[in-house]
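A.B. asks: Okay, handing you the structure first.
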Protein chains: 2
Amino acid sequence: MITKREYKQYRDKALKYFEKAKLALTKKEKNSIEVADFGLHRTDEIGLELVVYANNNRYCAKELVLLPHQICPEHRHPAISESNPGKQETFRCRYGEVYVYVEGEPVRRPKAKVPADKKDAFTVWKEIVLKPGDQYTIPPNTLHWFQGGKKGAVVSEFSSTSTDESDFFTDPEIQRITKIG
Amino acid sequence: MITKREYKQYRDKALKYFEKAKLALTKKEKNSIEVADFGLHRTDEIGLELVVYANNNRYCAKELVLLPHQICPEHRHPAISESNPGKQETFRCRYGEVYVYVEGEPVRRPKAKVPADKKDAFTVWKEIVLKPGDQYTIPPNTLHWFQGGKKGAVVSEFSSTSTDESDFFTDPEIQRITKIG
């Protein structure tokens, strides 16, 4: 859970990144930026700010903000039904730098740093570094996590339909749906 | 058909709009911007410049450039199969202004102007004006066309899978796939 005051703090920080990236939002979007604390209440380290542009039964598009060194924790999008093998998503970096980690050959010296007490919750270490204009597609049901660089990052996400509530997180302490109170 | 020289001219014009909109492209993307002349060879009036970021069997994402007053001509995305009712797409204005026209109550004084000799090829006149941060979703199989404002426009398109070759255009003279020679 985060407090209303904390919500506004992170929302305002995220807004500054939209300005830096020169990505326009409507007033309504500005007021309703989602702050995900993943139920951990350590949003500076593990958290995400996002605006959902579209999410229907055909496709989804979001803009993600990562504050400096902020981590979107490891998760995968499992199969939903026989005709839906799970969410597939393309990350396109618009501003800053983002380090993406997926299943595969682990990198020797990762650019990302994870909190010592959460080390076990990060199990995949194949590294992809995205700078503005770079993009990478994550197949369905593939473990992945990502961290903003020292200047933070703004990342466009293009994907199949998003069903956040069905995501599987490696860290059993995580609750995807943020409570504000 | 457009010549290689014409292709490069429109590509370079489009690149300036990506710069104005502060949207980064890779070198490869810059070199392979698509210029659609719709087979009409009057690209200043009727044409479109685009970069396809992703187009797979789940979703599609593109960046569209409209030069000042340039028109993407009227078309619809018909059903492809029993399970695919046709492409659905969301336009999100990133830079400039774009006038979108769809089926419905015609606007009295449209902002768009169409070439006199092509008047019959524009049959839907419900007007939606998009400025940066505004977006609009076009249902499948719905006639639509759009025109850039006086400063041109950059528009993100989020959609279901794109199959340009199956698009239906109102103007029988149109060929969607541009030939460069």
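A note on labels: chains of the structure tokens are A, B, ... as shown, every chain counts residues from 1, and ligands are counted from 1 in their shown order.
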Counting only C-alpha atoms, which residues from chain B have an atom at most 9 Å from any atom of chain A, and could you show them as a tab-separated table (two decimals) with N, CA, C and O atoms, in the first residue's frame?
C.D. replies:
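Result file follows (part.tsv):
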```tsv
chain	number	residue	atom	x	y	z
B	21	ALA	N	9.47	16.07	-33.30
B	21	ALA	CA	8.66	15.37	-32.28
B	21	ALA	C	9.54	14.73	-31.20
B	21	ALA	O	9.01	14.16	-30.25
B	22	LYS	N	10.87	14.84	-31.36
B	22	LYS	CA	11.84	14.26	-30.38
B	22	LYS	C	11.66	12.75	-30.24
B	22	LYS	O	11.71	12.20	-29.14
B	23	LEU	N	11.38	12.08	-31.37
B	23	LEU	CA	11.22	10.63	-31.36
B	23	LEU	C	12.46	10.01	-32.02
B	23	LEU	O	12.71	10.23	-33.20
B	24	ALA	N	13.22	9.26	-31.22
B	24	ALA	CA	14.48	8.70	-31.70
B	24	ALA	C	14.24	7.49	-32.59
B	24	ALA	O	13.35	6.68	-32.35
B	25	LEU	N	15.05	7.39	-33.64
B	25	LEU	CA	15.05	6.23	-34.53
B	25	LEU	C	16.46	5.68	-34.62
B	25	LEU	O	17.43	6.43	-34.49
B	26	THR	N	16.56	4.38	-34.88
B	26	THR	CA	17.88	3.81	-35.15
B	26	THR	C	18.29	4.19	-36.58
B	26	THR	O	17.45	4.59	-37.40
B	29	GLU	N	16.30	2.26	-39.07
B	29	GLU	CA	14.95	2.79	-39.24
B	29	GLU	C	14.96	4.06	-40.09
B	29	GLU	O	14.11	4.25	-40.95
B	53	TYR	N	7.36	-0.20	-36.16
B	53	TYR	CA	8.19	-0.66	-35.04
B	53	TYR	C	8.00	-2.16	-34.81
B	53	TYR	O	8.94	-2.87	-34.48
B	54	ALA	N	6.77	-2.61	-34.91
B	54	ALA	CA	6.47	-4.02	-34.64
B	54	ALA	C	5.21	-4.38	-35.42
B	54	ALA	O	4.27	-3.58	-35.48
B	58	ARG	N	0.24	-10.80	-33.16
B	58	ARG	CA	-0.51	-10.35	-31.98
B	58	ARG	C	-0.89	-8.87	-32.06
B	58	ARG	O	-2.00	-8.48	-31.69
B	59	TYR	N	0.07	-8.02	-32.44
B	59	TYR	CA	-0.14	-6.56	-32.40
B	59	TYR	C	0.77	-5.85	-33.39
B	59	TYR	O	1.67	-6.48	-33.99
B	60	CYS	N	0.52	-4.57	-33.54
B	60	CYS	CA	1.30	-3.76	-34.48
B	60	CYS	C	1.49	-2.37	-33.88
B	60	CYS	O	0.61	-1.86	-33.19
B	61	ALA	N	2.64	-1.76	-34.13
B	61	ALA	CA	2.88	-0.38	-33.69
B	61	ALA	C	3.69	0.33	-34.77
B	61	ALA	O	4.68	-0.22	-35.28
B	87	LYS	N	-8.59	-5.00	-38.92
B	87	LYS	CA	-7.67	-4.25	-38.06
B	87	LYS	C	-8.39	-3.15	-37.26
B	87	LYS	O	-9.16	-2.38	-37.83
B	88	GLN	N	-8.14	-3.13	-35.98
B	88	GLN	CA	-8.58	-2.02	-35.13
B	88	GLN	C	-7.35	-1.19	-34.80
B	88	GLN	O	-6.28	-1.75	-34.57
B	89	GLU	N	-7.49	0.13	-34.79
B	89	GLU	CA	-6.29	0.95	-34.56
B	89	GLU	C	-6.58	2.17	-33.72
B	89	GLU	O	-7.66	2.74	-33.78
B	90	THR	N	-5.58	2.54	-32.92
B	90	THR	CA	-5.66	3.74	-32.08
B	90	THR	C	-4.61	4.72	-32.58
B	90	THR	O	-3.43	4.37	-32.67
B	92	ARG	N	-2.62	8.14	-31.85
B	92	ARG	CA	-2.26	9.06	-30.77
B	92	ARG	C	-1.35	10.14	-31.34
B	92	ARG	O	-0.26	9.85	-31.82
B	93	CYS	N	-1.81	11.38	-31.28
B	93	CYS	CA	-1.03	12.48	-31.85
B	93	CYS	C	0.15	12.80	-30.94
B	93	CYS	O	-0.01	12.97	-29.74
B	94	ARG	N	1.33	12.85	-31.53
B	94	ARG	CA	2.56	13.14	-30.76
B	94	ARG	C	3.07	14.54	-31.05
B	94	ARG	O	3.75	15.15	-30.22
B	95	TYR	N	2.81	15.03	-32.25
B	95	TYR	CA	3.32	16.35	-32.67
B	95	TYR	C	2.37	16.93	-33.70
B	95	TYR	O	1.83	16.20	-34.52
B	132	PRO	N	-1.38	17.08	-29.71
B	132	PRO	CA	-0.48	16.21	-28.95
B	132	PRO	C	-1.09	15.70	-27.64
B	132	PRO	O	-1.60	16.49	-26.84
B	133	GLY	N	-1.07	14.40	-27.45
B	133	GLY	CA	-1.65	13.78	-26.26
B	133	GLY	C	-3.06	13.25	-26.51
B	133	GLY	O	-3.55	12.44	-25.74
B	134	ASP	N	-3.71	13.73	-27.57
B	134	ASP	CA	-5.06	13.23	-27.88
B	134	ASP	C	-4.97	11.94	-28.68
B	134	ASP	O	-4.05	11.73	-29.46
B	135	GLN	N	-5.97	11.08	-28.50
B	135	GLN	CA	-6.00	9.84	-29.29
B	135	GLN	C	-7.43	9.43	-29.63
B	135	GLN	O	-8.39	9.91	-29.02
B	137	THR	N	-9.73	5.88	-31.33
B	137	THR	CA	-9.68	4.48	-31.79
B	137	THR	C	-10.70	4.25	-32.90
B	137	THR	O	-11.87	4.60	-32.77
B	158	PHE	N	-1.22	2.40	-32.62
B	158	PHE	CA	-1.23	1.12	-31.92
B	158	PHE	C	-2.39	0.33	-32.49
B	158	PHE	O	-3.50	0.86	-32.59
B	159	SER	N	-2.17	-0.94	-32.83
B	159	SER	CA	-3.27	-1.66	-33.50
B	159	SER	C	-3.13	-3.16	-33.38
B	159	SER	O	-2.11	-3.68	-32.92
B	160	SER	N	-4.17	-3.85	-33.83
B	160	SER	CA	-4.04	-5.28	-34.07
B	160	SER	C	-3.15	-5.46	-35.32
B	160	SER	O	-2.77	-4.47	-35.96
B	161	THR	N	-2.85	-6.70	-35.64
B	161	THR	CA	-1.94	-6.99	-36.74
B	161	THR	C	-2.31	-6.23	-38.01
B	161	THR	O	-3.48	-6.11	-38.36
```
A.B. asks: Residues near region 70-74 of chain B, anyone? I mean within 7 Å using only C-alpha atoms, not counting same-chain ones fewer than 4 positions away, as number ranges by chain.
C.D. replies: B: 44-48, 66, 121-122, 143-148, 169-170
A.B. asks: To one decimal in Å, tell me the separation between CA of Ser32 (chain B) and CA of Gly152 (chain B).
C.D. replies: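 Distance reported for this atom pair: 20.4 Å.
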A.B. asks: I need the residues of region 31-154 of chain A that end up classed as helix (DSSP H, G or I) by DSSP on the backbone, written out as an mmCIF file with N, CA, C and O atoms, in the first residue's frame.
C.D. replies:
```cif
data_model
loop_
_atom_site.group_PDB
_atom_site.id
_atom_site.type_symbol
_atom_site.label_atom_id
_atom_site.label_comp_id
_atom_site.auth_asym_id
_atom_site.auth_seq_id
_atom_site.Cartn_x
_atom_site.Cartn_y
_atom_site.Cartn_z
ATOM 1 N N ASN A 31 -3.402 13.161 -14.380
ATOM 2 C CA ASN A 31 -3.971 12.964 -13.044
ATOM 3 C C ASN A 31 -4.102 11.492 -12.657
ATOM 4 O O ASN A 31 -4.299 11.185 -11.488
ATOM 5 N N ALA A 116 20.244 -6.208 -2.052
ATOM 6 C CA ALA A 116 20.869 -7.432 -1.531
ATOM 7 C C ALA A 116 19.826 -8.398 -0.963
ATOM 8 O O ALA A 116 19.900 -9.608 -1.194
ATOM 9 N N ASP A 117 18.851 -7.867 -0.246
ATOM 10 C CA ASP A 117 17.870 -8.751 0.404
ATOM 11 C C ASP A 117 16.879 -9.356 -0.590
ATOM 12 O O ASP A 117 16.076 -10.217 -0.221
ATOM 13 N N LYS A 118 16.910 -8.906 -1.846
ATOM 14 C CA LYS A 118 15.971 -9.414 -2.861
ATOM 15 C C LYS A 118 16.699 -10.197 -3.963
ATOM 16 O O LYS A 118 16.104 -10.494 -5.010
ATOM 17 N N LYS A 119 17.968 -10.513 -3.725
ATOM 18 C CA LYS A 119 18.809 -11.157 -4.753
ATOM 19 C C LYS A 119 18.150 -12.402 -5.361
ATOM 20 O O LYS A 119 18.208 -12.626 -6.566
ATOM 21 N N ASP A 120 17.500 -13.189 -4.509
ATOM 22 C CA ASP A 120 16.913 -14.453 -4.971
ATOM 23 C C ASP A 120 15.707 -14.246 -5.890
ATOM 24 O O ASP A 120 15.260 -15.194 -6.548
ATOM 25 N N ALA A 121 15.176 -13.039 -5.908
ATOM 26 C CA ALA A 121 13.992 -12.758 -6.718
ATOM 27 C C ALA A 121 14.363 -12.325 -8.138
ATOM 28 O O ALA A 121 13.487 -11.952 -8.919
#
```
